[in-house]
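Asker: Quick one, final12.cif (mmCIF, C-alpha atoms and all ligand atoms):
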```
data_entry
loop_
_atom_site.label_atom_id
_atom_site.label_comp_id
_atom_site.auth_asym_id
_atom_site.auth_seq_id
_atom_site.Cartn_x
_atom_site.Cartn_y
_atom_site.Cartn_z
CA MET A 8 -51.78 -44.06 11.89
CA MET A 9 -49.30 -44.39 9.02
CA GLU A 10 -45.63 -44.07 9.60
CA MET A 11 -42.55 -44.17 7.37
CA ARG A 12 -39.94 -46.76 8.25
CA HIS A 13 -36.84 -47.28 6.10
CA GLY A 14 -38.59 -45.36 3.34
CA LYS A 15 -41.48 -47.82 3.32
CA GLU A 16 -44.97 -46.89 4.44
CA THR A 17 -46.26 -49.28 7.09
CA HIS A 18 -49.43 -49.32 9.11
CA ARG A 19 -48.74 -48.87 12.76
CA ALA A 20 -51.39 -50.46 14.92
CA THR A 21 -53.19 -47.98 17.10
CA ARG A 22 -54.86 -48.33 20.43
CA ALA A 23 -58.20 -48.36 18.58
CA ASP A 24 -57.06 -51.38 16.52
CA VAL A 25 -56.16 -53.26 19.69
CA ALA A 26 -59.44 -52.27 21.32
CA GLN A 27 -61.37 -53.55 18.35
CA LEU A 28 -59.60 -56.88 18.24
CA ALA A 29 -59.89 -57.41 21.99
CA HIS A 30 -63.52 -56.21 22.08
CA VAL A 31 -62.84 -53.61 24.73
CA SER A 32 -62.96 -49.82 24.79
CA THR A 33 -59.87 -47.80 23.93
CA ALA A 34 -59.78 -46.59 27.53
CA VAL A 35 -59.31 -50.18 28.74
CA VAL A 36 -56.31 -50.55 26.42
CA SER A 37 -54.88 -47.41 27.98
CA TYR A 38 -55.44 -48.73 31.45
CA VAL A 39 -53.60 -51.95 30.63
CA PHE A 40 -50.58 -50.21 29.16
CA ASN A 41 -50.46 -47.16 31.37
CA ASN A 42 -51.33 -48.62 34.76
CA GLY A 43 -54.59 -46.74 34.53
CA PRO A 44 -56.44 -45.93 37.68
CA ARG A 45 -59.19 -48.42 37.02
CA ASN A 46 -58.53 -52.07 37.80
CA VAL A 47 -58.77 -54.22 34.72
CA ALA A 48 -59.73 -57.86 35.27
CA PRO A 49 -56.69 -60.15 34.63
CA GLU A 50 -58.47 -62.06 31.87
CA THR A 51 -59.35 -58.78 30.09
CA ALA A 52 -55.79 -57.54 30.46
CA ALA A 53 -54.53 -60.82 28.99
CA LYS A 54 -56.92 -60.46 26.06
CA VAL A 55 -55.69 -56.92 25.43
CA ARG A 56 -52.04 -57.97 25.60
CA ALA A 57 -52.66 -60.85 23.21
CA ALA A 58 -54.38 -58.55 20.73
CA ALA A 59 -51.55 -56.04 21.05
CA LYS A 60 -48.98 -58.77 20.39
CA LYS A 61 -50.85 -60.03 17.37
CA LEU A 62 -51.01 -56.55 15.88
CA ASN A 63 -47.46 -55.73 16.87
CA TYR A 64 -48.85 -52.74 18.75
CA ARG A 65 -46.29 -50.47 20.30
CA PRO A 66 -47.73 -48.44 23.14
CA ASN A 67 -47.08 -44.77 22.70
CA SER A 68 -44.52 -42.72 24.47
CA MET A 69 -46.79 -42.17 27.41
CA ALA A 70 -46.60 -45.84 28.19
CA ARG A 71 -42.91 -46.00 27.36
CA ALA A 72 -42.29 -43.01 29.56
CA LEU A 73 -44.05 -44.75 32.38
CA ARG A 74 -41.60 -47.59 32.19
CA THR A 75 -38.61 -45.33 31.87
CA GLY A 76 -39.79 -43.06 34.66
CA SER A 77 -40.01 -39.91 32.57
CA SER A 78 -40.89 -36.60 34.09
CA LYS A 79 -44.39 -35.20 33.64
CA THR A 80 -47.49 -36.43 35.35
CA LEU A 81 -50.96 -35.32 34.49
CA GLY A 82 -54.13 -35.54 36.56
CA ILE A 83 -57.55 -35.41 35.03
CA ILE A 84 -60.57 -34.80 37.17
CA VAL A 85 -63.88 -35.61 35.58
CA PRO A 86 -67.41 -35.61 36.97
CA ASP A 87 -67.81 -39.34 36.53
CA LEU A 88 -65.70 -42.18 35.28
CA SER A 89 -67.95 -42.99 32.38
CA ASN A 90 -67.52 -39.48 30.97
CA PRO A 91 -65.89 -39.88 27.55
CA PHE A 92 -63.96 -36.69 28.14
CA PHE A 93 -61.16 -38.64 29.81
CA SER A 94 -60.49 -40.88 26.84
CA ASP A 95 -60.74 -37.84 24.56
CA VAL A 96 -57.94 -36.18 26.50
CA TYR A 97 -55.97 -39.36 26.37
CA ASN A 98 -56.47 -39.67 22.60
CA ALA A 99 -55.44 -36.06 22.17
CA LEU A 100 -52.22 -36.69 24.04
CA GLU A 101 -51.60 -39.91 22.21
CA THR A 102 -52.12 -38.56 18.73
CA ASN A 103 -50.85 -35.02 19.09
CA ALA A 104 -48.35 -35.14 21.87
CA ALA A 105 -47.09 -38.67 22.09
CA GLN A 106 -43.51 -37.52 22.06
CA GLU A 107 -43.96 -35.50 25.20
CA GLY A 108 -43.92 -38.48 27.47
CA TYR A 109 -46.32 -37.96 30.30
CA SER A 110 -45.32 -40.61 32.73
CA THR A 111 -48.64 -41.31 34.38
CA LEU A 112 -52.21 -40.33 33.95
CA PHE A 113 -54.18 -40.02 37.13
CA MET A 114 -57.89 -39.73 36.93
CA ALA A 115 -60.38 -39.02 39.64
CA SER A 116 -64.08 -38.71 39.73
CA HIS A 117 -66.54 -37.60 42.29
CA GLN A 118 -70.19 -38.34 42.60
CA ASP A 119 -70.96 -35.83 45.28
CA PRO A 120 -69.13 -32.63 44.49
CA ASN A 121 -69.70 -31.21 47.94
CA LYS A 122 -68.33 -34.14 49.87
CA GLU A 123 -65.81 -36.06 47.87
CA LEU A 124 -64.14 -33.74 45.50
CA ASP A 125 -61.63 -32.00 47.69
CA ARG A 126 -60.34 -35.24 49.12
CA VAL A 127 -60.05 -36.83 45.69
CA SER A 128 -58.53 -33.75 44.13
CA ARG A 129 -56.02 -33.43 46.92
CA LEU A 130 -54.93 -37.00 46.37
CA ILE A 131 -54.50 -36.40 42.68
CA ALA A 132 -52.93 -33.01 43.09
CA ARG A 133 -50.24 -34.28 45.43
CA ASP A 134 -48.42 -36.07 42.63
CA VAL A 135 -48.99 -34.21 39.42
CA ASP A 136 -47.34 -31.51 37.30
CA ALA A 137 -50.54 -30.64 35.46
CA ILE A 138 -54.26 -31.03 36.04
CA ILE A 139 -57.13 -30.92 33.59
CA ILE A 140 -60.57 -30.23 35.01
CA ARG A 141 -64.03 -29.48 33.78
CA SER A 142 -66.32 -27.92 36.38
CA ASP A 143 -64.66 -29.66 39.30
CA LYS A 144 -63.24 -27.43 41.96
CA ILE A 145 -59.60 -26.60 42.47
CA THR A 146 -59.69 -25.08 45.92
CA ALA A 147 -56.95 -23.42 47.94
CA GLU A 148 -56.63 -26.71 49.81
CA VAL A 149 -56.01 -28.62 46.60
CA ILE A 150 -53.42 -26.05 45.53
CA GLU A 151 -51.77 -26.32 48.92
CA ALA A 152 -51.48 -30.10 48.54
CA ALA A 153 -50.16 -29.86 44.99
CA LYS A 154 -46.47 -29.56 45.57
CA ASN A 155 -45.42 -30.24 41.95
CA LEU A 156 -48.29 -28.52 40.21
CA LYS A 157 -47.34 -26.05 37.50
CA ILE A 158 -50.47 -25.71 35.41
CA VAL A 159 -54.22 -26.20 35.67
CA VAL A 160 -56.24 -26.23 32.47
CA ARG A 161 -59.96 -25.73 32.77
CA ALA A 162 -61.32 -27.55 29.70
CA GLY A 163 -64.09 -25.05 29.11
CA ALA A 164 -64.81 -21.35 29.22
CA GLY A 165 -65.62 -20.42 32.82
CA TYR A 166 -62.89 -20.76 35.42
CA ASP A 167 -64.85 -19.74 38.49
CA ASN A 168 -64.20 -23.25 39.83
CA VAL A 169 -60.49 -22.51 40.33
CA ASP A 170 -59.24 -20.54 43.30
CA LEU A 171 -57.23 -18.12 41.17
CA ALA A 172 -55.73 -16.22 44.09
CA ALA A 173 -54.36 -19.42 45.60
CA ALA A 174 -52.98 -20.58 42.24
CA THR A 175 -51.45 -17.20 41.49
CA ALA A 176 -49.82 -17.00 44.91
CA ARG A 177 -47.99 -20.24 44.06
CA LYS A 178 -47.32 -19.07 40.48
CA ILE A 179 -49.37 -21.91 39.08
CA VAL A 180 -50.57 -21.11 35.59
CA VAL A 181 -54.34 -21.38 35.08
CA MET A 182 -55.72 -21.60 31.56
CA ASN A 183 -59.12 -22.09 30.00
CA THR A 184 -59.94 -23.35 26.51
CA PRO A 185 -62.16 -20.57 25.19
CA GLY A 186 -64.47 -21.28 22.28
CA GLN A 187 -64.05 -25.04 22.27
CA ASN A 188 -67.50 -25.88 23.58
CA SER A 189 -69.30 -22.69 22.54
CA ASN A 190 -71.29 -24.19 19.73
CA ALA A 191 -72.70 -26.90 21.96
CA VAL A 192 -73.85 -24.35 24.52
CA ALA A 193 -75.26 -22.01 21.88
CA GLU A 194 -77.30 -24.78 20.28
CA LEU A 195 -78.71 -25.71 23.67
CA ALA A 196 -79.68 -22.09 24.36
CA ILE A 197 -81.71 -21.98 21.15
CA GLY A 198 -83.22 -25.40 21.91
CA LEU A 199 -84.30 -24.24 25.36
CA MET A 200 -85.91 -21.15 23.87
CA ILE A 201 -88.02 -23.22 21.51
CA PHE A 202 -88.84 -25.70 24.27
CA MET A 203 -90.26 -22.89 26.39
CA ALA A 204 -92.02 -21.24 23.43
CA ARG A 205 -93.82 -24.58 22.93
CA ASN A 206 -94.80 -24.86 26.58
CA LYS A 207 -92.26 -27.57 27.36
CA PHE A 208 -93.83 -29.74 24.68
CA THR A 209 -97.10 -30.15 26.55
CA PRO A 210 -100.21 -30.27 24.38
CA GLY A 211 -101.59 -26.87 23.48
CA THR A 212 -100.74 -23.78 21.49
CA GLY A 213 -97.27 -22.36 21.73
CA THR A 214 -95.50 -19.44 20.12
CA GLU A 215 -92.69 -19.01 17.60
CA ILE A 216 -89.33 -17.43 18.17
CA HIS A 217 -89.30 -16.00 14.65
CA GLY A 218 -89.81 -12.23 14.70
CA LYS A 219 -89.14 -11.95 18.44
CA ARG A 220 -86.48 -9.80 20.02
CA LEU A 221 -83.49 -11.69 21.33
CA GLY A 222 -81.10 -10.07 23.79
CA ILE A 223 -77.58 -11.41 24.17
CA HIS A 224 -76.21 -10.67 27.61
CA ALA A 225 -72.42 -10.73 27.03
CA TYR A 226 -71.09 -10.96 23.51
CA GLY A 227 -68.38 -13.60 23.87
CA ASN A 228 -67.91 -16.86 22.00
CA VAL A 229 -71.25 -18.35 23.02
CA GLY A 230 -73.18 -15.08 22.83
CA LYS A 231 -72.01 -14.47 19.27
CA LEU A 232 -73.17 -17.90 18.14
CA VAL A 233 -76.56 -17.55 19.83
CA ALA A 234 -76.91 -14.21 18.04
CA ARG A 235 -76.07 -15.82 14.72
CA TYR A 236 -78.48 -18.71 15.22
CA GLY A 237 -81.19 -16.35 16.50
CA LYS A 238 -80.84 -14.35 13.30
CA GLY A 239 -81.17 -17.60 11.37
CA PHE A 240 -84.55 -18.04 13.02
CA GLY A 241 -85.56 -14.54 11.97
CA MET A 242 -85.16 -12.96 15.40
CA GLU A 243 -84.23 -9.33 15.89
CA VAL A 244 -80.99 -9.53 17.85
CA TYR A 245 -79.69 -7.04 20.44
CA ALA A 246 -76.62 -7.35 22.62
CA TYR A 247 -75.01 -5.81 25.65
CA ASP A 248 -71.46 -6.38 26.79
CA PRO A 249 -69.70 -3.87 29.02
CA PHE A 250 -66.31 -5.08 27.75
CA ILE A 251 -67.10 -4.58 24.06
CA THR A 252 -67.86 -0.94 23.47
CA ASP A 253 -66.92 -0.83 19.78
CA LYS A 254 -70.28 -0.83 17.99
CA ALA A 255 -68.69 -2.19 14.83
CA VAL A 256 -68.15 -5.55 16.56
CA TYR A 257 -71.93 -6.01 16.82
CA GLU A 258 -72.94 -4.29 13.65
CA LYS A 259 -70.81 -6.45 11.40
CA ASP A 260 -72.85 -9.41 12.71
CA GLY A 261 -76.15 -7.60 12.10
CA VAL A 262 -76.64 -7.28 15.86
CA ILE A 263 -77.92 -4.08 17.49
CA PRO A 264 -75.80 -2.93 20.45
CA VAL A 265 -77.64 -1.40 23.40
CA GLY A 266 -76.16 0.99 25.95
CA SER A 267 -77.06 -0.74 29.19
CA VAL A 268 -78.09 -4.03 30.67
CA GLU A 269 -81.41 -2.43 31.72
CA GLU A 270 -82.12 -1.49 28.11
CA LEU A 271 -81.41 -5.05 26.99
CA TYR A 272 -83.81 -6.58 29.50
CA SER A 273 -86.57 -4.01 28.87
CA LYS A 274 -86.44 -4.52 25.13
CA CYS A 275 -86.14 -8.23 24.60
CA ASP A 276 -88.64 -11.09 24.55
CA TYR A 277 -85.80 -13.54 25.14
CA VAL A 278 -82.62 -12.76 27.00
CA SER A 279 -79.86 -15.33 26.68
CA VAL A 280 -77.39 -15.04 29.55
CA HIS A 281 -73.67 -15.55 28.87
CA ILE A 282 -71.90 -13.69 31.65
CA PRO A 283 -69.28 -15.41 33.80
CA ALA A 284 -69.75 -15.78 37.55
CA THR A 285 -67.50 -13.19 39.17
CA GLU A 286 -67.72 -11.10 42.34
CA GLN A 287 -69.27 -8.34 40.19
CA THR A 288 -71.81 -10.48 38.34
CA LYS A 289 -73.03 -12.81 41.08
CA LYS A 290 -76.76 -12.18 41.74
CA SER A 291 -76.63 -9.28 39.29
CA ILE A 292 -79.68 -10.54 37.40
CA ASN A 293 -82.06 -9.45 40.07
CA TYR A 294 -85.66 -8.46 40.73
CA ASP A 295 -85.23 -4.92 39.39
CA LEU A 296 -83.72 -6.07 36.14
CA LEU A 297 -86.15 -8.93 35.60
CA SER A 298 -89.18 -6.73 36.33
CA LYS A 299 -88.24 -4.60 33.33
CA MET A 300 -88.81 -7.42 30.86
CA PRO A 301 -91.68 -7.11 28.39
CA LYS A 302 -94.86 -9.18 28.63
CA GLY A 303 -94.35 -12.87 27.98
CA ALA A 304 -90.54 -12.67 28.14
CA THR A 305 -88.23 -15.63 28.80
CA ILE A 306 -84.81 -15.65 30.45
CA VAL A 307 -82.50 -18.35 29.14
CA ASN A 308 -79.55 -19.16 31.39
CA THR A 309 -76.84 -21.42 30.04
CA ALA A 310 -74.11 -19.55 31.95
CA ARG A 311 -73.98 -19.94 35.73
CA LYS A 312 -76.66 -20.22 38.41
CA GLU A 313 -74.74 -17.79 40.63
CA VAL A 314 -75.45 -14.82 38.36
CA ILE A 315 -79.16 -15.04 39.19
CA ASP A 316 -80.56 -13.56 42.36
CA GLU A 317 -82.85 -16.51 43.06
CA GLU A 318 -85.04 -14.71 45.62
CA GLY A 319 -85.55 -11.91 43.13
CA LEU A 320 -86.35 -14.38 40.39
CA ALA A 321 -88.93 -16.16 42.55
CA LYS A 322 -90.50 -12.85 43.47
CA VAL A 323 -90.79 -11.61 39.92
CA LEU A 324 -92.16 -14.96 38.68
CA ALA A 325 -94.82 -14.79 41.40
CA GLU A 326 -95.81 -11.24 40.50
CA ARG A 327 -95.58 -11.58 36.75
CA THR A 328 -97.42 -14.69 35.63
CA ASP A 329 -96.33 -14.04 32.05
CA LEU A 330 -92.58 -14.48 32.63
CA LYS A 331 -90.58 -17.68 32.07
CA TYR A 332 -87.18 -18.90 33.24
CA VAL A 333 -85.24 -21.73 31.64
CA THR A 334 -81.80 -22.84 32.71
CA ASP A 335 -79.10 -25.41 32.14
CA ILE A 336 -77.85 -24.99 35.70
CA ALA A 337 -80.59 -25.72 38.21
CA ALA A 338 -81.10 -23.01 40.81
CA ASP A 339 -80.47 -23.90 44.44
CA MET A 340 -84.20 -23.37 44.93
CA GLN A 341 -85.17 -25.15 41.72
CA VAL A 342 -87.50 -27.59 43.49
CA VAL A 343 -89.47 -24.69 44.91
CA LEU A 344 -89.49 -22.89 41.56
CA ASN A 345 -90.75 -26.03 39.81
CA GLU A 346 -93.51 -26.51 42.37
CA LYS A 347 -94.64 -22.92 42.29
CA PHE A 348 -94.30 -22.03 38.63
CA GLY A 349 -94.80 -25.33 36.76
CA ASN A 350 -94.70 -24.78 33.02
CA ARG A 351 -93.09 -21.37 33.31
CA VAL A 352 -89.79 -22.74 34.59
CA PHE A 353 -87.46 -25.50 33.51
CA ALA A 354 -84.00 -26.72 34.48
CA THR A 355 -82.12 -29.45 32.64
CA PRO A 356 -81.67 -32.45 34.99
CA LYS A 357 -77.89 -32.03 34.82
CA LYS A 358 -75.79 -29.30 33.26
CA MET A 359 -75.46 -30.40 29.65
CA GLY A 360 -74.58 -27.35 27.56
CA ALA A 361 -71.09 -28.57 26.78
CA GLU A 362 -71.92 -32.28 26.84
CA THR A 363 -71.63 -33.15 23.20
CA GLN A 364 -69.16 -35.48 21.56
CA GLU A 365 -67.85 -32.61 19.50
CA ALA A 366 -67.33 -30.29 22.44
CA ASN A 367 -65.68 -33.05 24.46
CA VAL A 368 -63.19 -33.71 21.71
CA ASN A 369 -62.54 -30.02 21.01
CA ALA A 370 -61.98 -29.12 24.65
CA ALA A 371 -59.95 -32.25 25.35
CA LEU A 372 -57.65 -31.61 22.39
CA ALA A 373 -57.21 -27.99 23.31
CA ALA A 374 -56.49 -28.78 26.97
CA ALA A 375 -53.97 -31.49 26.13
CA ASN A 376 -52.24 -29.40 23.49
CA GLN A 377 -52.09 -26.32 25.69
CA ILE A 378 -50.39 -28.30 28.45
CA VAL A 379 -47.85 -29.78 26.07
CA ALA A 380 -47.14 -26.40 24.45
CA PHE A 381 -46.73 -24.88 27.89
CA PHE A 382 -44.14 -27.43 28.97
CA THR A 383 -42.30 -27.60 25.69
CA LYS A 384 -42.42 -23.98 24.47
CA GLY A 385 -43.54 -22.01 27.49
CA GLU A 386 -46.67 -21.01 25.61
CA ASN A 387 -49.22 -19.26 27.78
CA ARG A 388 -51.68 -17.72 25.35
CA PHE A 389 -54.75 -18.80 27.28
CA GLN A 390 -53.43 -18.09 30.74
CA VAL A 391 -56.09 -16.31 32.80
CA ASN A 392 -54.05 -15.38 35.87
CA LYS A 393 -51.17 -12.96 36.14
CA TRP A 394 -48.43 -12.18 38.64
C1 LIG A 401 -67.92 -23.84 30.44
O1 LIG A 401 -67.65 -22.98 31.28
O2 LIG A 401 -67.16 -24.12 29.51
C2 LIG A 401 -69.23 -24.56 30.50
O3 LIG A 401 -69.94 -24.17 31.62
C3 LIG A 401 -69.09 -26.08 30.44
O4 LIG A 401 -68.88 -26.66 31.67
P1 LIG A 401 -68.63 -28.26 31.89
O5 LIG A 401 -67.26 -28.57 31.49
O6 LIG A 401 -68.86 -28.46 33.35
O7 LIG A 401 -69.64 -29.01 31.07
#
```
Let me see the structure of the file written as structure tokens.
Ligand code: 3PG
Answerer:
Amino acid sequence: MMEMRHGKETHRATRADVAQLAHVSTAVVSYVFNNGPRNVAPETAAKVRAAAKKLNYRPNSMARALRTGSSKTLGIIVPDLSNPFFSDVYNALETNAAQEGYSTLFMASHQDPNKELDRVSRLIARDVDAIIIRSDKITAEVIEAAKNLKIVVRAGAGYDNVDLAAATARKIVVMNTPGQNSNAVAELAIGLMIFMARNKFTPGTGTEIHGKRLGIHAYGNVGKLVARYGKGFGMEVYAYDPFITDKAVYEKDGVIPVGSVEELYSKCDYVSVHIPATEQTKKSINYDLLSKMPKGATIVNTARKEVIDEEGLAKVLAERTDLKYVTDIAADMQVVLNEKFGNRVFATPKKMGAETQEANVNAALAAANQIVAFFTKGENRFQVNKW
């Protein structure tokens, strides 16, 4: 980072410079200067401090704020501590919002979402003004414990993991970061299609996606990109979205709008699912809908497992030995599906649609910037709850 001092341009050492000299990750440098949640061995901390001294490194305002007891505290909840998303958020705050002075960063992780998360989240929530999450749950209990909480940013598209009613009742702003990880998810959807067309890369003859009919179920940020990439592969692309009734929106992309979800499923060889999980959509992709699909069709789900009626899916896969189901979010009954339907079903071992370096950085930057803009300018463009 270059900065002007007394009219002269000088190089100001960054956290990355210190990390390089001390042979540690940038996150470790943060932990040393910000009392990070992870314990750093004393000899490592000493190495980091020595490197910082040598480079005349001045910790950013976050660290300074910590010492001066400034106001805002931020909690970040990530699926596991090795997830680079945390340091991406930190970098975003350091480079784009250093002047805002978050006093402490709390980070929590959970290995077993069902058991640990609420306890960990409650602990974090108790002390913070803002929380950034990915798919981790912010339950009513967490909200209840969060006496200072003013804003939750879901670094991603779906916000079904936040108890909106509980947040709204306390006038806690909930935001998402739409579009930031869409490309990653869209690329995975296309990859999964090809993977299934080639029989999960087992020896034998597969098929091509070129010339096939692709149905986009919900024409949002991800759906639009899947449509565009599908067209790149020479697919004939259809779309259905009950919230976008203006045909021009589809037609300008060379996409054919259809009038109902039933029409989409009956027409298309591939249906790529992009609907959120809401009370209306849960289990809405059911036996009746799936039975309408043409011979040899494949359902590609990179959205949410909850939108699939799993019993209905199992039934239709048993009756129709030509159908395939591929998903980035394993079904609750995935083990049974795998056993029964072998090469016709596949679930990624762990949800990975948004797990790219690029998506991590995009979503982290957006989440950090949205929080800062909210506190400094009252900006609420991406707020998803109202009161
Ligand atoms: C989203 O809603 O943005 C995606 O499902 C990504 O979720 P993740 O943050 O859990 O990877």
Asker: For ligand LIG 401 (chain A), which residue out of A:Ala29, A:Ala132, A:Ala366, A:Ile145 is the nearest one, using only C-alpha atoms and all ligand atoms?
Answerer: A:Ala366
Asker: When you draw a straight line from atom CA of A:Leu296 to atom CA of A:Pro264, how long is it in Å?
Answerer: 17.9 Å
Asker: Which chain A residues have any atom within 6 Å of an atom of ligand LIG 401 (chain A), and for each, what is the nearest pair of atoms with distance in Å to one decimal, counting only C-alpha atoms and all ligand atoms, rows sorted by chain and number, as a Markdown table?
Answerer:
```
| residue | atom | partner | partner_atom | distance |
| --- | --- | --- | --- | --- |
| A:Arg141 | CA | A:LIG401 | O5 | 4.1 |
| A:Ser142 | CA | A:LIG401 | O6 | 4.0 |
| A:Gly163 | CA | A:LIG401 | O2 | 3.2 |
| A:Ala164 | CA | A:LIG401 | O2 | 3.6 |
| A:Gly165 | CA | A:LIG401 | O1 | 3.6 |
| A:Ala361 | CA | A:LIG401 | O7 | 4.5 |
| A:Glu362 | CA | A:LIG401 | O7 | 5.8 |
```
Asker: For the residues in that selection, give me C-alpha atoms as a compact mmCIF listing (two decimals), in the frame of the given file.
Answerer:
```txt
# COMPACT_ATOMS: atom_id res chain seq x y z
CA ARG A 141 -64.03 -29.48 33.78
CA SER A 142 -66.32 -27.92 36.38
CA GLY A 163 -64.09 -25.05 29.11
CA ALA A 164 -64.81 -21.35 29.22
CA GLY A 165 -65.62 -20.42 32.82
CA ALA A 361 -71.09 -28.57 26.78
CA GLU A 362 -71.92 -32.28 26.84
```
Asker: Grab the atom CA of A:Asp136 to atom CA of A:Ile158 distance for me, in Å with one decimal place.
Answerer: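 Separating atom CA of A:Asp136 from atom CA of A:Ile158 is a distance of 6.9 Å.
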Asker: Excluding same-chain residues fewer than 4 positions from stretch 223-237 of chain A, what lies within 7 Å of it counting all atoms listed in the file, as a ChimeraX atom specification?
Answerer: /A:186,189-190,192-193,197,241-242,244-248,278-282
Asker: When you count only C-alpha atoms, which of these residues is closest to A:Lys54: A:Thr175, A:Asn206, A:Gln27, A:Asn367?
Answerer: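 Of A:Thr175, A:Asn206, A:Gln27, A:Asn367, the one nearest A:Lys54 is A:Gln27, counting only C-alpha atoms.
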Asker: One decimal, in Å: what's the spacing between atom CA of A:Thr80 and atom CA of A:Ala48?
Answerer: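 Between these atoms lies a distance of 24.7 Å.
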Asker: For A:Asn168, which residue out of A:Asn387, A:Gln364, A:Asn155, A:Thr146 is the nearest one, using only C-alpha atoms?
Answerer: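 Closest candidate: A:Thr146.
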Asker: Taking into account only C-alpha atoms, which residue in the set A:Pro91, A:Gly303, A:Gly82, A:Pro185 is nearest to A:Phe389?
Answerer: A:Pro185
Asker: Using all atoms listed in the file, find the one residue out of A:Lys207, A:Tyr294, A:Asn392, A:Ala370 that sits nearest to A:Gly349.
Answerer: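 Going through A:Lys207, A:Tyr294, A:Asn392, A:Ala370 one by one, the smallest distance to A:Gly349 is for A:Lys207.
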Asker: Can you work out which one of A:Asn183, A:Ser273, A:Asn369, A:Asn188 has the shortest atom-to-atom distance to A:Val160, counting all atoms listed in the file?
Answerer: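 Of the candidates, the smallest distance to A:Val160 is held by A:Asn183.
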Asker: Mind listing as a PyMOL selection string all residues within 8 Å of (-85.5, -20.4, 20.2), counting only C-alpha atoms?
Answerer: chain A and resi 196-202+204+215-216+237+240
Asker: Excluding same-chain residues fewer than 4 positions from A:Val352, what lies within 9 Å of it counting all atoms listed in the file, as a list in words?
Answerer: Met203, Leu330, Lys331, Tyr332, Val333, Thr334, Gln341, Leu344, Asn345 and Phe348 of chain A
